[in-house]
Amino acid sequence: MSSIIKVNDLSKCFRDLIAVDGLSFSVEEGDVYGFLGQNGAGKSTTIRMLLTLIEPTDGEIEIFGMNLRSHRKEILRKVGAVIERPDLYKYLTAFENISLFAKMSGIKITRKQLLEHLDQVGLAERAYSKVKTYSLGMKQRLGIAVALVNNPQLVILDEPTNGLDPQGIADVRNLILHLSKNQKRTVFVSSHLLSEIELIANRMLIIDRGKKIVEGNVEELFNTAEMLVELETINPDKTLDVIKDSSWKKYFSKQQHETIILKMDKKDIPSFNHFLVTNNVDVLSIKPVHSLENYFLSLTSANQHVEAFTN
Amino acid sequence: MWKLLQIELFKIFRRPRTYISFAAIAAMILIIQLGLKFDGKSYLQLLMSGISESFYVPFDMILNGYLVAFVILNTLLIQVPLLIALVAGDVVAGEANMGTLRLLVTKPVSRTELMIAKYLASVVYTVLLLIWMALLALFLSMLFFGTNDMIIARNEVMEQISRNDVLWRYIAAFGYAAVALSTVAALAFLLSVFAENSIGPIVSTISIVVVLTILSEMKIPLYDNTVKPYLFTSHMLAWKGFFYSKSNGDGQAISGSIENLPAILRSLGILLSYIVLFVSAAIIVFKKKDILS
């Protein structure tokens, strides 16, 4: 498997502000690569450097094995992107927009193929409506259709679910999975929502204040996260007494109404279940959940903000 | 490049606001034509008051399509730069404001190509606006007022140009005006690169043109040889030179002649230099610009 994106020691300063600080990472062919960080962490600046919108202060970017600075046109021919808001020409129709950007990408495409691209994002019926009449979700889908019109090998999406309703978020998520699984494209997607990245990405990078915090396989990274276990029994008060009189007491976190919450490793759950059964606790359910937000907060400076706020 | 230019023109001419300039010019020309049609004699009497007191002036003969077109051009070529700034000032800043600039820059075209295409599209718009103006100001006036010899007052002297010697002068004057207005477009285009919305460059262009025009027109000896020759606004009205002919021994205009062609060519050279300067500066700035919009 070859690297599609290889970033080495990338930095960007805006006068005194260091937006990106010595960032290095690589995206492999076929990855759905999650680029995670809170607002202002440096995600958009990095993406803009990948797309030549911003000149790096330092560092190197290679895409498809070529230097971005010296092979800009060649690389951008094989890249499609949606950067932050899906801004398009509002006074033009969706068809005119996608046709215009297809021409700019230097590809020859028929009217039928353009309509198929719009159909792929569910906009074929509104192809000849002006974009100013579109909802945000429709604009986002059109933005993705425009990004895909040149059949790019690499798709870069910057916060593609921002401002969308739950259905819109699900549509974008399904589209990303479709691009990856069915069309074998490499997708680089940024988000500040850990839960979103978990659902779509196989690899991810967390960035904070312009610096890399962690990079790796999503599943492995989440396994290192602290696990919360939600326990429901017929008699919660009695259950709590049983737990507090045992060595499992140290795992107790809190009681929320009828649910007892404990913090423990995933591997300890079977032993805990056995303990409950042998102590005649009628278990309704034991549900392990990732403490995703805690994990994210523990890695980033957002934790400091939360602590300062809660104190 | 041709494809990029087509795209830029498509975007300009699909915007309703583009046609405001065409409508404004049509309205202004029709208002002037109507006024001159019904009360042109009074206007000419006022215009030639110094001369008509000493000589007989055949107002009915003078008031023809060629003169009306000259009056219209004299009036409008000062206002048209404002209309040019509306589009040229929007060409980069408007895209930054809409957020489409970042999408354009991520396409496989160089920034230099993109900028040249955008400027050329502004020039095409300028030329089309002038053609529209020519059609209405010249040909419609010829239709409404007929044609005859063209008589224009200059420094309290009347110059008569034969009717057969007029049309080429208008074509040359419109050609010159296209270069003059393209200079304004280049200025608006340069200012547009620095802005994130089009109001700033449009207002700045208009302000610069107004201030420099006032400076060009002011009769202050200190500025006459030091500043004025280098201002592009001092050369924008040099199109009038095409209507000034050389005279023979009897004081009659020589057909096909231009009184001071070198001066017109010098002015043309200065305007073209300004265009190269403004557009090159715009390209250099844009190539180094971080697109943050």
# chains A, B, ... in the order shown; residues from 1 in each chain; ligands from 1

call {"tool": "interface_residues", "arguments": {"of": "chain A", "to": "chain B", "cutoff": "6 Å", "atoms": "only C-alpha atoms", "output": "number ranges by chain"}}
result
A: 51, 53-54, 73, 76-77, 87-88, 105

call {"tool": "write_last_selection", "arguments": {"atoms": "C-alpha atoms", "output": "PDB file, in the first residue's frame"}}
result
ATOM      1  CA  LEU A  51      -4.897  22.247  -1.420  1.00  0.00           C
ATOM      2  CA  LEU A  53      -4.654  27.740  -0.767  1.00  0.00           C
ATOM      3  CA  ILE A  54      -2.051  28.607   1.838  1.00  0.00           C
ATOM      4  CA  LYS A  73      -1.534  21.025 -11.398  1.00  0.00           C
ATOM      5  CA  LEU A  76      -4.926  18.811  -8.171  1.00  0.00           C
ATOM      6  CA  ARG A  77      -6.276  17.068 -11.267  1.00  0.00           C
ATOM      7  CA  ASP A  87     -19.991  27.911  -1.152  1.00  0.00           C
ATOM      8  CA  LEU A  88     -20.980  27.857  -4.802  1.00  0.00           C
ATOM      9  CA  SER A 105     -10.807  20.607 -13.882  1.00  0.00           C
TER      10      SER A 105
END

call {"tool": "residues_around", "arguments": {"residues": "stretch 36-44 of chain A", "least_positions_apart": "5", "cutoff": "8 Å", "atoms": "only C-alpha atoms", "output": "CSV table (one decimal) with C-alpha atoms, in the first residue's frame"}}
result
chain,number,residue,atom,x,y,z
A,19,ALA,CA,-1.4,27.7,13.4
A,20,VAL,CA,0.4,24.5,12.5
A,83,ILE,CA,-13.5,23.2,2.2
A,84,GLU,CA,-15.6,24.3,5.2
A,158,ASP,CA,-13.3,19.8,5.7
A,190,SER,CA,-11.7,16.6,9.2
A,191,SER,CA,-14.1,17.0,12.1
A,192,HIS,CA,-14.3,18.2,15.6
A,193,LEU,CA,-16.8,15.4,16.4
A,194,LEU,CA,-15.1,12.2,17.6
A,197,ILE,CA,-14.8,10.0,12.9
A,204,MET,CA,-7.1,9.1,12.5
A,205,LEU,CA,-5.0,11.9,13.7
A,206,ILE,CA,-5.8,14.2,16.6
A,207,ILE,CA,-4.3,17.7,16.4
A,208,ASP,CA,-4.3,20.3,19.1
A,209,ARG,CA,-2.9,23.8,18.9
A,210,GLY,CA,-1.3,22.9,15.6
A,300,THR,CA,-6.4,18.1,24.0
A,302,ALA,CA,-10.1,21.6,25.6

call {"tool": "select_by_dssp", "arguments": {"residues": "stretch 8-256 of chain B", "states": "strand (DSSP E)", "output": "short mmCIF file (atom, residue, chain, number, x, y, z; two decimals) with N, CA and C atoms, in the first residue's frame"}}
result
data_model
loop_
_atom_site.label_atom_id
_atom_site.label_comp_id
_atom_site.auth_asym_id
_atom_site.auth_seq_id
_atom_site.Cartn_x
_atom_site.Cartn_y
_atom_site.Cartn_z
N MET B 150 -19.79 67.56 -39.16
CA MET B 150 -19.73 67.67 -37.70
C MET B 150 -18.99 68.95 -37.33
N ILE B 151 -19.67 69.75 -36.52
CA ILE B 151 -19.03 71.00 -36.10
C ILE B 151 -18.88 70.97 -34.58
N ILE B 152 -17.66 71.13 -34.14
CA ILE B 152 -17.44 71.15 -32.70
C ILE B 152 -16.71 72.44 -32.30
N ALA B 153 -17.09 72.93 -31.13
CA ALA B 153 -16.47 74.17 -30.64
C ALA B 153 -15.24 73.80 -29.84
N ARG B 154 -14.14 74.49 -30.12
CA ARG B 154 -12.91 74.21 -29.40
C ARG B 154 -12.17 75.54 -29.18
N VAL B 157 -13.32 78.40 -31.07
CA VAL B 157 -13.20 78.29 -32.53
C VAL B 157 -14.03 77.09 -32.95
N MET B 158 -14.74 77.24 -34.08
CA MET B 158 -15.54 76.12 -34.56
C MET B 158 -14.73 75.32 -35.57
N GLU B 159 -14.74 73.98 -35.38
CA GLU B 159 -14.05 73.14 -36.35
C GLU B 159 -15.09 72.33 -37.11
N GLN B 160 -14.95 72.30 -38.39
CA GLN B 160 -15.92 71.58 -39.21
C GLN B 160 -15.25 70.36 -39.83
N ILE B 161 -15.84 69.21 -39.58
CA ILE B 161 -15.32 67.97 -40.16
C ILE B 161 -16.37 67.45 -41.14
#

call {"tool": "residues_around", "arguments": {"residues": "stretch 169-181 of chain B", "least_positions_apart": "4", "cutoff": "7 Å", "atoms": "only C-alpha atoms", "output": "list in words"}}
result
Pro81, Thr126, Val127, Leu130, Ala185, Met236, Trp239, Lys240, Phe242, Phe243 and Leu271 of chain B

call {"tool": "residues_around", "arguments": {"residues": "stretch 122-135 of chain A", "least_positions_apart": "5", "cutoff": "6 Å", "atoms": "only C-alpha atoms", "output": "VMD selection string"}}
result
chain A and resid 90 to 95 115

call {"tool": "write_last_selection", "arguments": {"atoms": "N, CA and C atoms", "output": "PDB file, in the first residue's frame"}}
result
ATOM      1  N   LYS A  90     -24.409  31.123  -6.212  1.00  0.00           N
ATOM      2  CA  LYS A  90     -25.829  31.029  -5.854  1.00  0.00           C
ATOM      3  C   LYS A  90     -26.741  31.434  -7.002  1.00  0.00           C
ATOM      4  N   TYR A  91     -26.233  32.297  -7.875  1.00  0.00           N
ATOM      5  CA  TYR A  91     -27.076  32.779  -8.979  1.00  0.00           C
ATOM      6  C   TYR A  91     -27.072  31.826 -10.171  1.00  0.00           C
ATOM      7  N   LEU A  92     -26.312  30.735 -10.047  1.00  0.00           N
ATOM      8  CA  LEU A  92     -26.309  29.718 -11.107  1.00  0.00           C
ATOM      9  C   LEU A  92     -27.080  28.492 -10.629  1.00  0.00           C
ATOM     10  N   THR A  93     -27.477  27.651 -11.579  1.00  0.00           N
ATOM     11  CA  THR A  93     -28.146  26.406 -11.191  1.00  0.00           C
ATOM     12  C   THR A  93     -27.087  25.386 -10.764  1.00  0.00           C
ATOM     13  N   ALA A  94     -27.567  24.286 -10.166  1.00  0.00           N
ATOM     14  CA  ALA A  94     -26.639  23.226  -9.748  1.00  0.00           C
ATOM     15  C   ALA A  94     -25.919  22.673 -10.969  1.00  0.00           C
ATOM     16  N   PHE A  95     -26.655  22.511 -12.064  1.00  0.00           N
ATOM     17  CA  PHE A  95     -26.053  21.963 -13.283  1.00  0.00           C
ATOM     18  C   PHE A  95     -24.968  22.905 -13.814  1.00  0.00           C
ATOM     19  N   LEU A 115     -25.351  14.921 -14.995  1.00  0.00           N
ATOM     20  CA  LEU A 115     -26.606  14.649 -14.282  1.00  0.00           C
ATOM     21  C   LEU A 115     -26.473  13.411 -13.387  1.00  0.00           C
TER      22      LEU A 115
END

call {"tool": "closest_residue", "arguments": {"among": "B:Ile214, B:Met142, B:Ala186, B:Leu191", "to": "B:Phe278", "atoms": "only C-alpha atoms"}}
result
B:Ala186

call {"tool": "select_by_dssp", "arguments": {"residues": "stretch 80-114 of chain A", "states": "alpha helix (DSSP H)", "output": "PyMOL selection string"}}
result
chain A and resi 94-104+111-114

call {"tool": "write_last_selection", "arguments": {"atoms": "N, CA and C atoms", "output": "tab-separated table (two decimals), in the first residue's frame"}}
result
chain	number	residue	atom	x	y	z
A	94	ALA	N	-27.57	24.29	-10.17
A	94	ALA	CA	-26.64	23.23	-9.75
A	94	ALA	C	-25.92	22.67	-10.97
A	95	PHE	N	-26.65	22.51	-12.06
A	95	PHE	CA	-26.05	21.96	-13.28
A	95	PHE	C	-24.97	22.90	-13.81
A	96	GLU	N	-25.27	24.20	-13.80
A	96	GLU	CA	-24.28	25.17	-14.29
A	96	GLU	C	-23.03	25.16	-13.41
A	97	ASN	N	-23.25	25.06	-12.09
A	97	ASN	CA	-22.12	25.02	-11.16
A	97	ASN	C	-21.22	23.82	-11.43
A	98	ILE	N	-21.82	22.67	-11.50
A	98	ILE	CA	-21.00	21.45	-11.65
A	98	ILE	C	-20.34	21.42	-13.04
A	99	SER	N	-21.04	21.93	-14.03
A	99	SER	CA	-20.49	21.97	-15.39
A	99	SER	C	-19.28	22.92	-15.45
A	100	LEU	N	-19.43	24.05	-14.78
A	100	LEU	CA	-18.35	25.05	-14.74
A	100	LEU	C	-17.08	24.49	-14.08
A	101	PHE	N	-17.26	23.80	-12.96
A	101	PHE	CA	-16.08	23.27	-12.26
A	101	PHE	C	-15.50	22.05	-12.99
A	102	ALA	N	-16.35	21.32	-13.71
A	102	ALA	CA	-15.84	20.21	-14.53
A	102	ALA	C	-14.91	20.77	-15.61
A	103	LYS	N	-15.34	21.87	-16.24
A	103	LYS	CA	-14.50	22.50	-17.27
A	103	LYS	C	-13.19	22.99	-16.65
A	104	MET	N	-13.29	23.57	-15.47
A	104	MET	CA	-12.06	24.06	-14.82
A	104	MET	C	-11.09	22.93	-14.48
A	111	ARG	N	-23.34	15.84	-20.74
A	111	ARG	CA	-24.46	16.34	-19.95
A	111	ARG	C	-25.04	15.20	-19.08
A	112	LYS	N	-25.13	14.02	-19.71
A	112	LYS	CA	-25.71	12.86	-19.02
A	112	LYS	C	-24.85	12.49	-17.80
A	113	GLN	N	-23.53	12.53	-18.00
A	113	GLN	CA	-22.62	12.18	-16.89
A	113	GLN	C	-22.72	13.21	-15.76
A	114	LEU	N	-22.88	14.48	-16.14
A	114	LEU	CA	-23.02	15.52	-15.10
A	114	LEU	C	-24.29	15.27	-14.28

call {"tool": "atom_distance", "arguments": {"atom1": "atom CA of B:Ile284", "atom2": "atom CA of B:Thr112"}}
result
8.3 Å

call {"tool": "atom_distance", "arguments": {"atom1": "atom CA of A:Ile260", "atom2": "atom CA of A:Trp248"}}
result
12.6 Å

call {"tool": "residues_around", "arguments": {"residues": "B:Thr18", "least_positions_apart": "6", "cutoff": "10 Å", "atoms": "only C-alpha atoms", "output": "CSV table (one decimal) with C-alpha atoms, in the first residue's frame"}}
result
chain,number,residue,atom,x,y,z
B,11,LYS,CA,-20.1,34.1,-14.6
B,12,ILE,CA,-20.1,37.8,-15.3
B,83,LEU,CA,-19.7,51.4,-14.0
B,84,ILE,CA,-16.5,49.6,-15.0
B,86,LEU,CA,-18.7,47.8,-10.4
B,87,VAL,CA,-17.7,44.7,-12.3
B,125,TYR,CA,-17.1,43.5,-20.4

call {"tool": "closest_residue", "arguments": {"among": "A:Asp9, A:Glu159, A:Glu116, A:Asp31", "to": "A:Arg185", "atoms": "only C-alpha atoms"}}
result
A:Asp31

call {"tool": "residues_around", "arguments": {"residues": "B:Val193", "least_positions_apart": "2", "cutoff": "10 Å", "atoms": "only C-alpha atoms", "output": "list in words"}}
result
Gly89, Asp90, Val91, Val92, Ala93, Gly94, Ala96, Met115, Ala188, Phe189, Leu190, Leu191, Ala195, Glu196, Asn197, Ser198, Pro201, Ala281, Ala282, Ile283, Val285, Phe286 and Lys289 of chain B

call {"tool": "write_last_selection", "arguments": {"atoms": "N, CA and C atoms", "output": "PDB file, in the first residue's frame"}}
result
ATOM      1  N   GLY B  89     -14.078  45.551  -9.951  1.00  0.00           N
ATOM      2  CA  GLY B  89     -13.777  45.543  -8.519  1.00  0.00           C
ATOM      3  C   GLY B  89     -14.337  44.314  -7.821  1.00  0.00           C
ATOM      4  N   ASP B  90     -15.256  43.656  -8.500  1.00  0.00           N
ATOM      5  CA  ASP B  90     -15.932  42.496  -7.914  1.00  0.00           C
ATOM      6  C   ASP B  90     -15.295  41.179  -8.346  1.00  0.00           C
ATOM      7  N   VAL B  91     -14.439  41.254  -9.354  1.00  0.00           N
ATOM      8  CA  VAL B  91     -14.037  40.038 -10.051  1.00  0.00           C
ATOM      9  C   VAL B  91     -13.222  39.073  -9.169  1.00  0.00           C
ATOM     10  N   VAL B  92     -12.436  39.584  -8.246  1.00  0.00           N
ATOM     11  CA  VAL B  92     -11.716  38.696  -7.308  1.00  0.00           C
ATOM     12  C   VAL B  92     -12.353  38.796  -5.916  1.00  0.00           C
ATOM     13  N   ALA B  93     -12.581  40.047  -5.468  1.00  0.00           N
ATOM     14  CA  ALA B  93     -13.118  40.242  -4.110  1.00  0.00           C
ATOM     15  C   ALA B  93     -14.516  39.621  -3.974  1.00  0.00           C
ATOM     16  N   GLY B  94     -15.307  39.702  -5.031  1.00  0.00           N
ATOM     17  CA  GLY B  94     -16.656  39.127  -4.998  1.00  0.00           C
ATOM     18  C   GLY B  94     -16.598  37.623  -4.803  1.00  0.00           C
ATOM     19  N   ALA B  96     -14.120  36.066  -3.335  1.00  0.00           N
ATOM     20  CA  ALA B  96     -13.650  35.837  -1.958  1.00  0.00           C
ATOM     21  C   ALA B  96     -14.830  35.934  -1.008  1.00  0.00           C
ATOM     22  N   MET B 115      -5.855  34.686 -13.007  1.00  0.00           N
ATOM     23  CA  MET B 115      -5.906  36.148 -12.924  1.00  0.00           C
ATOM     24  C   MET B 115      -5.975  36.788 -14.312  1.00  0.00           C
ATOM     25  N   ALA B 188      -9.200  48.701 -10.625  1.00  0.00           N
ATOM     26  CA  ALA B 188     -10.222  48.051  -9.787  1.00  0.00           C
ATOM     27  C   ALA B 188      -9.846  46.593  -9.540  1.00  0.00           C
ATOM     28  N   PHE B 189      -9.308  45.950 -10.559  1.00  0.00           N
ATOM     29  CA  PHE B 189      -8.876  44.555 -10.492  1.00  0.00           C
ATOM     30  C   PHE B 189      -7.755  44.387  -9.455  1.00  0.00           C
ATOM     31  N   LEU B 190      -6.791  45.306  -9.480  1.00  0.00           N
ATOM     32  CA  LEU B 190      -5.690  45.256  -8.514  1.00  0.00           C
ATOM     33  C   LEU B 190      -6.226  45.422  -7.089  1.00  0.00           C
ATOM     34  N   LEU B 191      -7.091  46.411  -6.900  1.00  0.00           N
ATOM     35  CA  LEU B 191      -7.626  46.649  -5.549  1.00  0.00           C
ATOM     36  C   LEU B 191      -8.480  45.470  -5.088  1.00  0.00           C
ATOM     37  N   ALA B 195      -9.001  42.677  -1.236  1.00  0.00           N
ATOM     38  CA  ALA B 195     -10.226  42.762  -0.432  1.00  0.00           C
ATOM     39  C   ALA B 195     -10.964  41.429  -0.352  1.00  0.00           C
ATOM     40  N   GLU B 196     -11.819  41.330   0.650  1.00  0.00           N
ATOM     41  CA  GLU B 196     -12.636  40.136   0.841  1.00  0.00           C
ATOM     42  C   GLU B 196     -14.085  40.391   0.461  1.00  0.00           C
ATOM     43  N   ASN B 197     -14.413  41.643   0.149  1.00  0.00           N
ATOM     44  CA  ASN B 197     -15.733  41.919  -0.444  1.00  0.00           C
ATOM     45  C   ASN B 197     -15.581  43.070  -1.432  1.00  0.00           C
ATOM     46  N   SER B 198     -16.530  43.156  -2.349  1.00  0.00           N
ATOM     47  CA  SER B 198     -16.325  44.031  -3.508  1.00  0.00           C
ATOM     48  C   SER B 198     -16.572  45.512  -3.229  1.00  0.00           C
ATOM     49  N   PRO B 201     -13.018  47.647  -2.979  1.00  0.00           N
ATOM     50  CA  PRO B 201     -12.357  48.006  -4.240  1.00  0.00           C
ATOM     51  C   PRO B 201     -13.187  48.905  -5.151  1.00  0.00           C
ATOM     52  N   ALA B 281       1.045  43.745 -10.934  1.00  0.00           N
ATOM     53  CA  ALA B 281       1.023  43.848  -9.464  1.00  0.00           C
ATOM     54  C   ALA B 281      -0.066  42.943  -8.891  1.00  0.00           C
ATOM     55  N   ALA B 282      -1.230  42.935  -9.544  1.00  0.00           N
ATOM     56  CA  ALA B 282      -2.342  42.092  -9.070  1.00  0.00           C
ATOM     57  C   ALA B 282      -1.938  40.618  -9.106  1.00  0.00           C
ATOM     58  N   ILE B 283      -1.282  40.202 -10.181  1.00  0.00           N
ATOM     59  CA  ILE B 283      -0.882  38.788 -10.310  1.00  0.00           C
ATOM     60  C   ILE B 283       0.161  38.425  -9.244  1.00  0.00           C
ATOM     61  N   VAL B 285       0.720  39.842  -6.328  1.00  0.00           N
ATOM     62  CA  VAL B 285       0.102  39.814  -4.988  1.00  0.00           C
ATOM     63  C   VAL B 285      -0.747  38.550  -4.834  1.00  0.00           C
ATOM     64  N   PHE B 286      -1.519  38.238  -5.868  1.00  0.00           N
ATOM     65  CA  PHE B 286      -2.423  37.086  -5.767  1.00  0.00           C
ATOM     66  C   PHE B 286      -1.662  35.765  -5.673  1.00  0.00           C
ATOM     67  N   LYS B 289      -0.690  35.301  -2.153  1.00  0.00           N
ATOM     68  CA  LYS B 289      -1.766  35.498  -1.169  1.00  0.00           C
ATOM     69  C   LYS B 289      -2.231  34.163  -0.577  1.00  0.00           C
TER      70      LYS B 289
END

call {"tool": "residues_around", "arguments": {"residues": "A:Val289", "least_positions_apart": "3", "cutoff": "7 Å", "atoms": "only C-alpha atoms", "output": "JSON, numbers by chain"}}
result
{"A": [227, 228, 229]}

call {"tool": "write_last_selection", "arguments": {"atoms": "N, CA and C atoms", "output": "compact mmCIF listing (two decimals), in the first residue's frame"}}
result
# COMPACT_ATOMS: atom_id res chain seq x y z
N MET A 227 -13.17 2.90 29.36
CA MET A 227 -14.49 2.36 29.05
C MET A 227 -15.46 2.65 30.20
N LEU A 228 -16.64 3.09 29.88
CA LEU A 228 -17.67 3.23 30.90
C LEU A 228 -18.62 2.06 30.76
N VAL A 229 -19.04 1.52 31.90
CA VAL A 229 -19.97 0.39 31.85
C VAL A 229 -21.27 0.81 32.52
